[in-house]
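What follows is a single structure, written as structure tokens, with notes after it.
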Amino acid sequence: MSTTDRLLIPLLQTAQAQKEITHNEALALLDHMVQAVVETVPDPTPPMSPIDGATYIVGASATGDWAGQEDKLALRINGAWQFVTPFDGLTVWLKFFDKTITYSSGTWRIGQVNAGEYQIDGVKVVGAQFNSISDPSGGSTVDGEARAAISSILSALKAHGLIAT
């Protein structure tokens with residue numbers, strides 16, 4: 001049977017009998033993979049009472065029905081498990097943490113976003129990290145409050161990764 005290249009969704013064949021089976025399988029896979037949502041962090045153990053329509057990420061050293069399916073998406077379809085091999089860039093919603101989880105270079109990365117800059121309503125609010133700024137020191141007139149305020153600002157910017165430490 002022929003499949004699509006990336007998600008391995010089954011394709012109908014000329015003169016194929018019972019095309020509805022292949023078509024329904026393809027629709028079930030699309031139902032899981034379009035705007036995909038996984039239940040929890042990668043887990044090696046299948047849930048005790050899985051619900052049809054739920055999707056999971058199989059963790060390391062998988063057991064039971066998931067043995068040998070590490071890092072794959074486990075889709076519960078019609079009372080059975082179907083597995084999808086992730087590809088670089090696959091991003092799904094991780095319901096348990098309310099974050100995205102992305103597959104990259106052979107591993108799932110929780111909550112990491114790679115971008116050159118962030119914009120809100122077209123205004124750049126975060127961009128590339130700048131060089132480090134020296135903490136204030138010395139001077140003939142010392143203003144303790146100003147120095148403390150500047151130090152607090154620098155600490156906050158460093159903590160957010162906006163400038164190097």
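Chain labels run A, B, ... following the order of the structure tokens; each chain numbers its residues from 1, and ligands are numbered from 1 in the order shown.
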
Open item on the list: I need the residues of stretch 40-127 of chain A that end up classed as strand (DSSP E) by DSSP on the backbone, written out as a ChimeraX atom specification.
Closed with: /A:55-57,73-77,80-84,91-94,99-104,107-110,118-120,123-126

TODO: Mind listing the alpha helix (DSSP H) residues of chain A, per DSSP on the backbone, as a PyMOL selection string?
DONE: chain A and resi 19-33+144-159

TODO: Go through A:Gly138, A:Asn78, A:Lys72, A:Gly122 and flag the residue nearest A:Thr107, using only C-alpha atoms for the distances.
DONE: A:Lys72

TODO: Point out the residue among A:Asp121, A:Asp31, A:Asp52, A:Asp43 with the least atom-to-atom distance to A:Trp108, counting only C-alpha atoms.
DONE: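 Between A:Asp121, A:Asp31, A:Asp52, A:Asp43, the residue approaching A:Trp108 most closely is A:Asp43.
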
Open item on the list: If we count only C-alpha atoms and set the cut-off at 12 Å, which residues sit around A:Asp5, ignoring sequence neighbours fewer than 5 positions away in its own chain? Please answer as a count of residues only.
Closed with: 5

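Among the candidate residues A:Leu94, A:Leu162, A:Ala15, A:Leu75, the one lying nearest to A:Glu117 is A:Leu162, with distances computed using only C-alpha atoms.
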
- [ ] Using only C-alpha atoms, pick whichever of A:Ile110, A:Ile153, A:Leu73, A:Leu27 has the shortest atom-to-atom distance to A:Phe96.
- [x]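 The shortest atom-to-atom distance to A:Phe96 comes from A:Ile110.
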
Open item on the list: Report as a ChimeraX atom specification all protein, DNA and RNA residues lying within 12 Å of A:Lys99, evaluated on only C-alpha atoms, omitting residues in the same chain fewer than 3 positions from it.
Closed with: /A:37-41,91-96,102,109-113

Restricting the output to N, CA and C atoms, write the selected residues as a tab-separated table (two decimals), in the first residue's frame.
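Output (out-v2.tsv):
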chain	number	residue	atom	x	y	z
A	37	VAL	N	-2.49	17.46	19.73
A	37	VAL	CA	-2.44	17.70	21.18
A	37	VAL	C	-2.05	16.38	21.84
A	38	VAL	N	-0.99	16.41	22.66
A	38	VAL	CA	-0.62	15.22	23.42
A	38	VAL	C	-1.01	15.42	24.88
A	39	GLU	N	-1.29	14.32	25.54
A	39	GLU	CA	-1.83	14.38	26.89
A	39	GLU	C	-0.82	14.78	27.95
A	40	THR	N	0.40	14.25	27.87
A	40	THR	CA	1.37	14.46	28.93
A	40	THR	C	2.79	14.36	28.38
A	41	VAL	N	3.78	14.57	29.23
A	41	VAL	CA	5.18	14.49	28.82
A	41	VAL	C	5.48	13.07	28.33
A	91	THR	N	5.71	20.00	15.82
A	91	THR	CA	5.37	20.69	17.06
A	91	THR	C	3.93	20.34	17.42
A	92	VAL	N	3.72	19.95	18.66
A	92	VAL	CA	2.38	19.61	19.14
A	92	VAL	C	2.14	20.35	20.46
A	93	TRP	N	0.88	20.44	20.84
A	93	TRP	CA	0.52	21.09	22.10
A	93	TRP	C	0.58	20.05	23.21
A	94	LEU	N	1.30	20.37	24.28
A	94	LEU	CA	1.45	19.50	25.43
A	94	LEU	C	0.43	19.93	26.48
A	95	LYS	N	-0.69	19.23	26.52
A	95	LYS	CA	-1.82	19.61	27.37
A	95	LYS	C	-1.42	19.70	28.85
A	96	PHE	N	-0.63	18.75	29.34
A	96	PHE	CA	-0.25	18.68	30.75
A	96	PHE	C	0.44	19.95	31.24
A	102	THR	N	8.39	20.29	20.78
A	102	THR	CA	8.86	20.19	19.41
A	102	THR	C	9.92	19.10	19.28
A	109	ARG	N	11.65	18.65	22.73
A	109	ARG	CA	12.03	19.83	23.52
A	109	ARG	C	10.77	20.54	24.00
A	110	ILE	N	10.60	20.57	25.32
A	110	ILE	CA	9.39	21.14	25.92
A	110	ILE	C	9.55	22.65	26.12
A	111	GLY	N	8.61	23.40	25.57
A	111	GLY	CA	8.52	24.83	25.81
A	111	GLY	C	9.60	25.69	25.19
A	112	GLN	N	10.45	25.13	24.34
A	112	GLN	CA	11.50	25.92	23.71
A	112	GLN	C	10.99	26.48	22.38
A	113	VAL	N	11.24	27.76	22.19
A	113	VAL	CA	10.87	28.41	20.94
A	113	VAL	C	12.12	29.03	20.35

Open item on the list: So, with only C-alpha atoms as the atoms that count, which of A:Ala156, A:Ile120, A:Ile77, A:Leu7 lies closest to A:Pro50?
Closed with: A:Ile77

Task: Atomic distance atom CA of A:Asp88 - atom CA of A:Ser104, expressed in Å with one decimal - done: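 A separation of 4.7 Å between them.
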